[in-house]
$ cat data_11.cif   # mmCIF, C-alpha atoms
data_coords
#
loop_
_atom_site.group_PDB
_atom_site.id
_atom_site.type_symbol
_atom_site.label_atom_id
_atom_site.label_comp_id
_atom_site.auth_asym_id
_atom_site.auth_seq_id
_atom_site.Cartn_x
_atom_site.Cartn_y
_atom_site.Cartn_z
ATOM 1 C CA MET A 27 82.848 68.078 128.325
ATOM 2 C CA SER A 28 86.392 66.999 129.068
ATOM 3 C CA ARG A 29 87.940 68.096 125.806
ATOM 4 C CA CYS A 30 89.175 71.661 125.628
ATOM 5 C CA GLU A 31 87.562 73.243 122.620
ATOM 6 C CA THR A 32 89.457 75.736 120.558
ATOM 7 C CA LEU A 33 88.320 78.344 118.077
ATOM 8 C CA ALA A 34 89.456 76.046 115.272
ATOM 9 C CA ASP A 35 86.496 73.831 116.246
ATOM 10 C CA THR A 36 84.025 76.583 115.373
ATOM 11 C CA PRO A 37 81.218 75.114 113.243
ATOM 12 C CA GLY A 38 81.337 76.032 109.569
ATOM 13 C CA LEU A 39 84.922 77.271 109.598
ATOM 14 C CA PRO A 40 86.409 76.587 106.148
ATOM 15 C CA LYS A 41 89.287 74.116 106.507
ATOM 16 C CA SER A 42 91.972 72.539 104.391
ATOM 17 C CA ALA A 43 92.354 68.795 103.944
ATOM 18 C CA GLU A 44 94.823 68.881 106.850
ATOM 19 C CA GLY A 45 92.230 70.474 109.120
ATOM 20 C CA ASP A 46 93.701 73.977 109.183
ATOM 21 C CA PRO A 47 91.467 77.016 108.769
ATOM 22 C CA VAL A 48 91.458 78.445 105.249
ATOM 23 C CA PHE A 49 91.158 82.156 104.602
ATOM 24 C CA ALA A 50 90.289 83.811 101.330
ATOM 25 C CA GLU A 51 91.565 87.248 102.321
ATOM 26 C CA PRO A 52 94.004 88.587 104.900
ATOM 27 C CA TRP A 53 91.392 90.379 107.036
ATOM 28 C CA GLN A 54 89.706 87.027 107.631
ATOM 29 C CA ALA A 55 92.874 85.565 109.101
ATOM 30 C CA GLN A 56 93.293 88.716 111.171
ATOM 31 C CA ALA A 57 89.750 88.443 112.542
ATOM 32 C CA PHE A 58 90.244 84.746 113.270
ATOM 33 C CA ALA A 59 93.545 85.378 115.077
ATOM 34 C CA MET A 60 92.096 88.197 117.208
ATOM 35 C CA THR A 61 89.194 85.963 118.236
ATOM 36 C CA VAL A 62 91.571 83.131 119.134
ATOM 37 C CA ARG A 63 93.559 85.511 121.335
ATOM 38 C CA LEU A 64 90.497 86.974 123.081
ATOM 39 C CA HIS A 65 89.202 83.493 123.775
ATOM 40 C CA GLU A 66 92.586 82.403 125.154
ATOM 41 C CA GLN A 67 92.521 85.380 127.476
ATOM 42 C CA GLY A 68 89.078 84.528 128.764
ATOM 43 C CA VAL A 69 87.234 87.546 127.322
ATOM 44 C CA PHE A 70 84.557 85.070 126.274
ATOM 45 C CA SER A 71 84.074 81.319 126.464
ATOM 46 C CA TRP A 72 83.926 79.034 123.467
ATOM 47 C CA ALA A 73 80.194 78.462 124.016
ATOM 48 C CA GLU A 74 79.522 82.199 124.127
ATOM 49 C CA TRP A 75 81.469 82.665 120.916
ATOM 50 C CA ALA A 76 79.724 79.780 119.144
ATOM 51 C CA GLU A 77 76.352 81.207 120.126
ATOM 52 C CA ALA A 78 77.190 84.725 118.926
ATOM 53 C CA LEU A 79 78.448 83.390 115.586
ATOM 54 C CA SER A 80 75.509 81.056 115.145
ATOM 55 C CA ARG A 81 73.125 83.978 115.665
ATOM 56 C CA GLU A 82 74.791 85.850 112.780
ATOM 57 C CA VAL A 83 75.082 82.877 110.449
ATOM 58 C CA HIS A 84 71.357 82.218 110.810
ATOM 59 C CA GLN A 85 70.237 85.774 110.149
ATOM 60 C CA PRO A 86 67.856 85.994 107.174
ATOM 61 C CA GLY A 87 69.567 87.070 103.974
ATOM 62 C CA ARG A 88 72.879 85.351 104.625
ATOM 63 C CA ALA A 89 74.525 83.533 101.725
ATOM 64 C CA VAL A 90 73.400 79.924 101.349
ATOM 65 C CA ASP A 91 76.853 78.803 100.213
ATOM 66 C CA GLY A 92 78.594 80.372 103.197
ATOM 67 C CA ALA A 93 80.415 82.945 101.049
ATOM 68 C CA ASP A 94 79.863 85.571 103.756
ATOM 69 C CA TYR A 95 80.969 83.331 106.607
ATOM 70 C CA PHE A 96 83.705 85.701 107.747
ATOM 71 C CA ASP A 97 81.414 88.714 107.422
ATOM 72 C CA CYS A 98 79.262 86.902 109.988
ATOM 73 C CA TRP A 99 82.373 86.173 112.026
ATOM 74 C CA VAL A 100 83.350 89.841 112.224
ATOM 75 C CA THR A 101 79.801 90.964 112.971
ATOM 76 C CA ALA A 102 79.580 88.367 115.769
ATOM 77 C CA LEU A 103 82.882 89.528 117.223
ATOM 78 C CA SER A 104 81.702 93.148 117.061
ATOM 79 C CA SER A 105 78.464 92.426 118.908
ATOM 80 C CA LEU A 106 80.182 90.313 121.525
ATOM 81 C CA LEU A 107 82.676 93.090 122.256
ATOM 82 C CA SER A 108 79.863 95.595 122.468
ATOM 83 C CA GLU A 109 77.837 93.341 124.820
ATOM 84 C CA ARG A 110 80.904 92.854 127.004
ATOM 85 C CA GLY A 111 81.343 96.614 127.259
ATOM 86 C CA VAL A 112 84.766 96.491 125.544
ATOM 87 C CA ALA A 113 83.693 98.958 122.854
ATOM 88 C CA SER A 114 80.266 100.274 121.909
ATOM 89 C CA GLU A 115 78.886 99.789 118.421
ATOM 90 C CA ALA A 116 79.065 103.568 117.889
ATOM 91 C CA GLU A 117 82.734 103.626 118.841
ATOM 92 C CA GLN A 118 83.498 100.706 116.529
ATOM 93 C CA THR A 119 81.626 102.276 113.606
ATOM 94 C CA ALA A 120 83.298 105.659 114.035
ATOM 95 C CA LEU A 121 86.724 104.046 114.090
ATOM 96 C CA SER A 122 85.919 101.867 111.048
ATOM 97 C CA ASP A 123 84.970 105.028 109.148
ATOM 98 C CA ARG A 124 88.262 106.645 110.135
ATOM 99 C CA TRP A 125 90.214 103.634 108.889
ATOM 100 C CA ALA A 126 88.299 103.696 105.587
ATOM 101 C CA ARG A 127 89.151 107.405 105.197
ATOM 102 C CA ALA A 128 92.770 106.735 106.131
ATOM 103 C CA ALA A 129 93.040 104.121 103.360
ATOM 104 C CA GLU A 130 91.595 106.508 100.775
ATOM 105 C CA ALA A 131 93.954 109.275 101.879
ATOM 106 C CA THR A 132 97.100 107.152 101.749
ATOM 107 C CA PRO A 133 99.115 107.270 98.538
ATOM 108 C CA HIS A 134 100.345 104.009 97.080
ATOM 109 C CA GLY A 135 103.520 102.661 98.623
ATOM 110 C CA LYS A 136 103.006 104.304 102.016
ATOM 111 C CA PRO A 137 101.726 102.358 104.983
ATOM 112 C CA ILE A 138 98.089 103.023 105.809
ATOM 113 C CA LEU A 139 98.082 104.732 109.212
ATOM 114 C CA LEU A 140 95.091 105.934 111.178
ATOM 115 C CA GLY A 141 96.604 109.422 111.365
ATOM 116 C CA ASN A 142 96.283 109.704 107.566
ATOM 117 C CA ALA A 143 92.511 110.049 107.954
ATOM 118 C CA GLY A 144 93.097 113.672 108.975
ATOM 119 C CA MET B 22 83.657 118.010 87.796
ATOM 120 C CA SER B 23 85.024 121.525 88.281
ATOM 121 C CA HIS B 24 87.622 122.793 90.683
ATOM 122 C CA ASP B 25 88.084 126.330 91.955
ATOM 123 C CA HIS B 26 91.793 125.867 92.076
ATOM 124 C CA ASP B 27 94.363 123.439 90.802
ATOM 125 C CA HIS B 28 95.371 120.444 92.788
ATOM 126 C CA ASP B 29 98.988 119.819 91.994
ATOM 127 C CA ASP B 30 99.095 116.977 94.433
ATOM 128 C CA HIS B 31 96.185 115.195 92.822
ATOM 129 C CA HIS B 32 96.597 111.450 92.728
ATOM 130 C CA HIS B 33 93.983 108.809 92.294
ATOM 131 C CA HIS B 34 93.021 106.730 95.239
ATOM 132 C CA ASP B 35 94.853 103.479 94.991
ATOM 133 C CA ASN B 36 94.033 102.347 98.500
ATOM 134 C CA HIS B 37 90.624 101.245 99.532
ATOM 135 C CA PHE B 38 89.303 99.213 102.443
ATOM 136 C CA SER B 39 86.179 97.135 102.108
ATOM 137 C CA PRO B 40 83.759 97.661 105.046
ATOM 138 C CA MET B 41 85.032 94.389 106.560
ATOM 139 C CA GLU B 42 88.686 95.364 106.243
ATOM 140 C CA ALA B 43 87.950 98.706 107.896
ATOM 141 C CA ARG B 44 85.993 97.038 110.694
ATOM 142 C CA VAL B 45 88.757 94.525 111.384
ATOM 143 C CA ARG B 46 91.314 97.348 111.525
ATOM 144 C CA ALA B 47 89.049 99.222 113.947
ATOM 145 C CA LEU B 48 88.679 96.202 116.219
ATOM 146 C CA GLU B 49 92.415 95.647 116.150
ATOM 147 C CA THR B 50 93.026 99.271 117.155
ATOM 148 C CA ILE B 51 90.499 99.161 120.004
ATOM 149 C CA LEU B 52 91.686 95.808 121.357
ATOM 150 C CA THR B 53 95.330 96.855 121.169
ATOM 151 C CA GLU B 54 94.638 100.124 122.987
ATOM 152 C CA LYS B 55 92.796 98.257 125.716
ATOM 153 C CA GLY B 56 95.682 95.838 126.083
ATOM 154 C CA LEU B 57 93.521 92.842 125.123
ATOM 155 C CA ILE B 58 95.645 91.853 122.153
ATOM 156 C CA ASP B 59 99.196 92.457 121.030
ATOM 157 C CA PRO B 60 99.517 92.889 117.236
ATOM 158 C CA LYS B 61 102.718 90.811 117.329
ATOM 159 C CA ALA B 62 100.876 87.906 118.944
ATOM 160 C CA ILE B 63 98.218 88.200 116.243
ATOM 161 C CA ASP B 64 100.870 88.079 113.537
ATOM 162 C CA VAL B 65 102.286 84.931 115.087
ATOM 163 C CA ILE B 66 98.877 83.244 114.937
ATOM 164 C CA VAL B 67 98.338 84.369 111.342
ATOM 165 C CA GLU B 68 101.820 83.160 110.425
ATOM 166 C CA THR B 69 101.127 79.646 111.671
ATOM 167 C CA TYR B 70 98.324 79.371 109.154
ATOM 168 C CA GLU B 71 99.667 81.248 106.167
ATOM 169 C CA THR B 72 102.579 78.848 105.764
ATOM 170 C CA LYS B 73 100.268 75.856 105.838
ATOM 171 C CA ILE B 74 97.908 77.192 103.233
ATOM 172 C CA GLY B 75 99.461 76.573 99.886
ATOM 173 C CA PRO B 76 98.820 79.148 97.181
ATOM 174 C CA ARG B 77 97.599 76.363 94.954
ATOM 175 C CA ASN B 78 95.867 78.564 92.404
ATOM 176 C CA GLY B 79 99.040 80.394 91.430
ATOM 177 C CA ALA B 80 101.034 77.172 91.488
ATOM 178 C CA ARG B 81 98.646 75.638 88.959
ATOM 179 C CA VAL B 82 99.015 78.679 86.712
ATOM 180 C CA VAL B 83 102.802 78.335 86.803
ATOM 181 C CA ALA B 84 102.722 74.564 86.211
ATOM 182 C CA LYS B 85 100.468 75.037 83.196
ATOM 183 C CA ALA B 86 102.785 77.688 81.800
ATOM 184 C CA TRP B 87 105.756 75.345 82.207
ATOM 185 C CA ALA B 88 103.954 72.473 80.510
ATOM 186 C CA GLU B 89 102.099 74.307 77.739
ATOM 187 C CA PRO B 90 104.018 76.853 75.646
ATOM 188 C CA ASP B 91 100.785 78.272 74.206
ATOM 189 C CA PHE B 92 99.493 78.991 77.676
ATOM 190 C CA ALA B 93 102.841 80.541 78.637
ATOM 191 C CA ASP B 94 102.566 82.881 75.624
ATOM 192 C CA TRP B 95 99.049 83.864 76.593
ATOM 193 C CA LEU B 96 100.144 84.434 80.191
ATOM 194 C CA LYS B 97 102.944 86.708 78.960
ATOM 195 C CA ARG B 98 100.623 88.715 76.730
ATOM 196 C CA ASP B 99 97.500 88.899 78.884
ATOM 197 C CA ALA B 100 97.922 87.395 82.340
ATOM 198 C CA THR B 101 94.538 88.666 83.538
ATOM 199 C CA ALA B 102 92.674 86.698 80.864
ATOM 200 C CA ALA B 103 94.922 83.634 81.000
ATOM 201 C CA ILE B 104 94.528 83.346 84.775
ATOM 202 C CA ALA B 105 90.790 84.040 84.613
ATOM 203 C CA SER B 106 90.444 81.180 82.103
ATOM 204 C CA LEU B 107 91.333 78.845 84.987
ATOM 205 C CA GLY B 108 88.623 80.380 87.142
ATOM 206 C CA TYR B 109 90.864 82.413 89.433
ATOM 207 C CA THR B 110 89.669 85.988 89.502
ATOM 208 C CA GLY B 111 90.257 88.608 92.135
ATOM 209 C CA ARG B 112 87.296 90.002 93.970
ATOM 210 C CA GLN B 113 88.329 93.539 93.175
ATOM 211 C CA GLY B 114 88.858 92.840 89.487
ATOM 212 C CA GLU B 115 92.510 93.792 89.589
ATOM 213 C CA HIS B 116 94.781 93.224 86.617
ATOM 214 C CA MET B 117 97.530 90.675 86.746
ATOM 215 C CA ARG B 118 100.842 90.662 85.006
ATOM 216 C CA ALA B 119 103.085 87.605 84.889
ATOM 217 C CA VAL B 120 106.811 88.255 84.966
ATOM 218 C CA PHE B 121 109.005 85.349 83.887
ATOM 219 C CA ASN B 122 112.333 84.532 85.468
ATOM 220 C CA ASP B 123 115.061 83.410 83.096
ATOM 221 C CA GLY B 124 118.817 83.042 83.137
ATOM 222 C CA GLU B 125 119.265 86.785 82.703
ATOM 223 C CA THR B 126 116.640 88.205 85.038
ATOM 224 C CA HIS B 127 115.150 87.323 88.395
ATOM 225 C CA ASN B 128 111.916 89.111 89.336
ATOM 226 C CA LEU B 129 110.917 90.218 92.820
ATOM 227 C CA VAL B 130 107.585 91.755 93.837
ATOM 228 C CA VAL B 131 107.164 94.273 96.644
ATOM 229 C CA CYS B 132 104.414 96.273 98.252
ATOM 230 C CA THR B 133 103.929 97.297 101.876
ATOM 231 C CA LEU B 134 100.185 97.131 101.627
ATOM 232 C CA CYS B 135 98.306 93.915 101.932
ATOM 233 C CA SER B 136 95.621 95.494 99.752
ATOM 234 C CA CYS B 137 98.041 95.172 96.836
ATOM 235 C CA TYR B 138 98.522 91.446 97.126
ATOM 236 C CA PRO B 139 96.917 89.064 94.619
ATOM 237 C CA TRP B 140 95.472 86.683 97.177
ATOM 238 C CA SER B 141 93.071 85.108 94.700
ATOM 239 C CA VAL B 142 96.191 83.610 93.141
ATOM 240 C CA LEU B 143 98.740 83.525 95.944
ATOM 241 C CA GLY B 144 96.656 82.922 99.048
ATOM 242 C CA LEU B 145 97.522 84.846 102.206
ATOM 243 C CA PRO B 146 100.394 87.298 102.116
ATOM 244 C CA PRO B 147 103.247 86.462 104.440
ATOM 245 C CA VAL B 148 103.473 88.762 107.465
ATOM 246 C CA TRP B 149 106.931 90.000 106.457
ATOM 247 C CA TYR B 150 105.592 91.100 103.077
ATOM 248 C CA LYS B 151 103.581 93.828 104.788
ATOM 249 C CA ALA B 152 106.506 95.069 106.856
ATOM 250 C CA PRO B 153 107.838 98.474 105.707
ATOM 251 C CA PRO B 154 111.498 97.366 106.059
ATOM 252 C CA TYR B 155 110.986 94.591 103.508
ATOM 253 C CA ARG B 156 109.768 96.982 100.864
ATOM 254 C CA SER B 157 112.413 99.643 101.317
ATOM 255 C CA ARG B 158 115.242 97.143 101.604
ATOM 256 C CA ALA B 159 114.015 95.110 98.649
ATOM 257 C CA VAL B 160 114.308 98.212 96.484
ATOM 258 C CA ILE B 161 117.733 99.293 97.766
ATOM 259 C CA ASP B 162 119.378 95.920 98.276
ATOM 260 C CA PRO B 163 117.387 93.139 96.602
ATOM 261 C CA ARG B 164 120.360 90.772 96.584
ATOM 262 C CA GLY B 165 120.785 91.182 100.338
ATOM 263 C CA VAL B 166 117.090 90.537 100.990
ATOM 264 C CA LEU B 167 117.172 87.460 98.776
ATOM 265 C CA SER B 168 120.189 86.062 100.581
ATOM 266 C CA GLU B 169 118.254 86.335 103.851
ATOM 267 C CA PHE B 170 115.651 84.115 102.242
ATOM 268 C CA GLY B 171 118.435 81.695 101.378
ATOM 269 C CA VAL B 172 118.444 82.583 97.696
ATOM 270 C CA THR B 173 121.801 83.263 96.109
ATOM 271 C CA LEU B 174 121.661 84.191 92.460
ATOM 272 C CA PRO B 175 124.516 84.127 89.965
ATOM 273 C CA GLU B 176 126.333 87.481 89.956
ATOM 274 C CA ASP B 177 125.393 88.118 86.334
ATOM 275 C CA GLN B 178 121.664 87.512 86.839
ATOM 276 C CA LYS B 179 119.890 90.852 87.080
ATOM 277 C CA ILE B 180 117.185 91.431 89.681
ATOM 278 C CA ARG B 181 114.148 93.389 88.648
ATOM 279 C CA VAL B 182 111.906 94.723 91.416
ATOM 280 C CA TRP B 183 108.190 95.223 90.683
ATOM 281 C CA ASP B 184 105.964 97.417 92.779
ATOM 282 C CA SER B 185 102.394 96.130 93.017
ATOM 283 C CA THR B 186 99.565 98.606 92.879
ATOM 284 C CA ALA B 187 95.896 98.173 93.643
ATOM 285 C CA GLU B 188 95.213 98.011 89.898
ATOM 286 C CA LEU B 189 98.103 95.856 88.773
ATOM 287 C CA ARG B 190 99.509 92.905 90.632
ATOM 288 C CA TYR B 191 102.361 90.655 89.697
ATOM 289 C CA LEU B 192 102.891 86.940 89.579
ATOM 290 C CA VAL B 193 106.460 85.743 89.245
ATOM 291 C CA VAL B 194 106.813 82.675 87.050
ATOM 292 C CA PRO B 195 109.913 80.938 88.395
ATOM 293 C CA GLN B 196 112.241 78.949 86.167
ATOM 294 C CA ARG B 197 111.281 75.334 85.737
ATOM 295 C CA PRO B 198 113.730 73.179 87.695
ATOM 296 C CA GLU B 199 115.879 70.687 85.829
ATOM 297 C CA GLY B 200 114.951 67.040 85.959
ATOM 298 C CA THR B 201 111.193 67.664 85.812
ATOM 299 C CA GLU B 202 110.583 66.557 82.209
ATOM 300 C CA GLY B 203 108.500 63.530 83.181
ATOM 301 C CA LEU B 204 106.244 65.265 85.713
ATOM 302 C CA ASP B 205 102.595 66.016 85.109
ATOM 303 C CA GLN B 206 101.122 69.419 85.930
ATOM 304 C CA GLU B 207 99.919 68.382 89.357
ATOM 305 C CA ALA B 208 103.396 67.217 90.357
ATOM 306 C CA LEU B 209 104.893 70.378 88.845
ATOM 307 C CA ALA B 210 102.513 72.570 90.861
ATOM 308 C CA ASP B 211 103.837 70.968 94.053
ATOM 309 C CA LEU B 212 107.247 72.461 93.275
ATOM 310 C CA VAL B 213 105.893 76.017 93.090
ATOM 311 C CA THR B 214 105.963 77.721 96.488
ATOM 312 C CA ARG B 215 104.353 80.996 97.383
ATOM 313 C CA ASP B 216 107.760 82.578 97.877
ATOM 314 C CA ALA B 217 108.769 81.462 94.377
ATOM 315 C CA MET B 218 105.785 83.390 92.990
ATOM 316 C CA ILE B 219 106.759 86.540 94.901
ATOM 317 C CA GLY B 220 110.374 86.115 93.866
ATOM 318 C CA THR B 221 111.815 85.578 97.349
ATOM 319 C CA GLY B 222 112.315 81.915 96.557
ATOM 320 C CA LEU B 223 112.950 79.533 93.686
ATOM 321 C CA ALA B 224 110.877 76.582 92.566
ATOM 322 C CA LEU B 225 111.715 73.435 94.530
ATOM 323 C CA MET B 226 113.825 70.668 93.059
ATOM 324 C CA PRO B 227 111.880 67.451 92.503
ATOM 325 C CA LYS B 228 112.358 64.879 95.261
ATOM 326 C CA ALA B 229 114.185 61.729 94.330
ATOM 327 C CA ARG B 230 111.665 59.004 93.653
ATOM 328 C CA PRO B 231 111.743 56.181 96.186
#
$ encode --input "data_11.cif" --output "structure tokens"
Amino acid sequence: MSRCETLADTPGLPKSAEGDPVFAEPWQAQAFAMTVRLHEQGVFSWAEWAEALSREVHQPGRAVDGADYFDCWVTALSSLLSERGVASEAEQTALSDRWARAAEATPHGKPILLGNAG
Amino acid sequence: MSHDHDHDDHHHHDNHFSPMEARVRALETILTEKGLIDPKAIDVIVETYETKIGPRNGARVVAKAWAEPDFADWLKRDATAAIASLGYTGRQGEHMRAVFNDGETHNLVVCTLCSCYPWSVLGLPPVWYKAPPYRSRAVIDPRGVLSEFGVTLPEDQKIRVWDSTAELRYLVVPQRPEGTEGLDQEALADLVTRDAMIGTGLALMPKARP
């Protein structure tokens, strides 16, 4: 294939009429941007990414209307990073829990910092 | 629920991450620590998209309020219901309040936390909106912040700063520009930018017809 594929060519990605990705919530854009960056840096190829995402999208129990598309996206990114030895699933889960605790422990108006988890 | 001792510092939890938000934060932390991503580079990527994605839902709410006085009244009294009537509801069921700009008062919304942003109405928050300096400066020197956005208000127009919370989020209804009497709601909505609905901008002037 001569054309250089980018993450914006990922199948199923919600797009605007102009062809730009559309995000319903900020974390989705964040996840998309991180994946773009990792791909640019050669952490995984486009084909490897597309396969990881496709595996998640086709899991039983996923929404028919694609409402959980970015949930699949994040899960695919998680597994790929774990497979590549970047961070184990256990490490990712433990850190996610800390972030969730940090959010709960942060009063309104203050930035949510990991240290707030205690 | 009983407590053995008093908690003077008790406050309710107004910050909450969904499992996906927490996971994305965790990945960002890990990848940053390992030097695989730079949060600034990520912001740049996000920024290229957020400006292209129009907050069309909020713009339609504003256009309807401009065109239909009854709807404007409803929006003033009960923004949550008025906005929901158009099918735009937040996933977390947050309450909305519409604050109307007029000749006397300009409204500006702040919050450092992206969890306090009404994205069901406004689309993605701009990167700067989440930056701590924006919030603190907006409170101390709103006129200065506005001038950096290219907005200069008349000296006698007051600026009111609203602090979003997880439970209550604000939508600024900008003043309807002059010369828009003949426009339908769709054309009016095109004049309503995201920044105008945060209060860091004004509604656009209609383009001269060719």
$ resolve_selection --input "data_11.cif" --expression "the PyMOL selection byres ((chain B and resi 206) around 8)" --output "list in words"
Arg81, Ala84, Lys85, Ala88, Leu204, Asp205, Glu207, Ala208, Leu209 and Ala210 of chain B
$ closest_residue --input "data_11.cif" --among "A:Gln56, A:Trp125, A:Ala143, A:Val69" --to "Ser108 of chain A" --atoms "all atoms listed in the file"
A:Val69
$ atom_distance --input "data_11.cif" --atom1 "atom CA of Val82 of chain B" --atom2 "atom CA of Ala100 of chain B"
9.8 Å
$ interface_residues --input "data_11.cif" --of "chain A" --to "chain B" --cutoff "7 Å" --atoms "all atoms listed in the file" --output "ChimeraX atom specification"
/A:48,50-53,55-57,59-60,63-64,97,118,121-122,125-126,129-130,132-135,137
$ resolve_selection --input "data_11.cif" --expression "the PyMOL selection byres ((chain B and resi 96) around 10)" --output "list in words"
Val82, Val83, Lys85, Ala86, Pro90, Asp91, Phe92, Ala93, Asp94, Trp95, Lys97, Arg98, Asp99, Ala100, Thr101, Ala102, Ala103, Ile104, Met117, Arg118, Ala119, Val120, Phe121 and Val194 of chain B
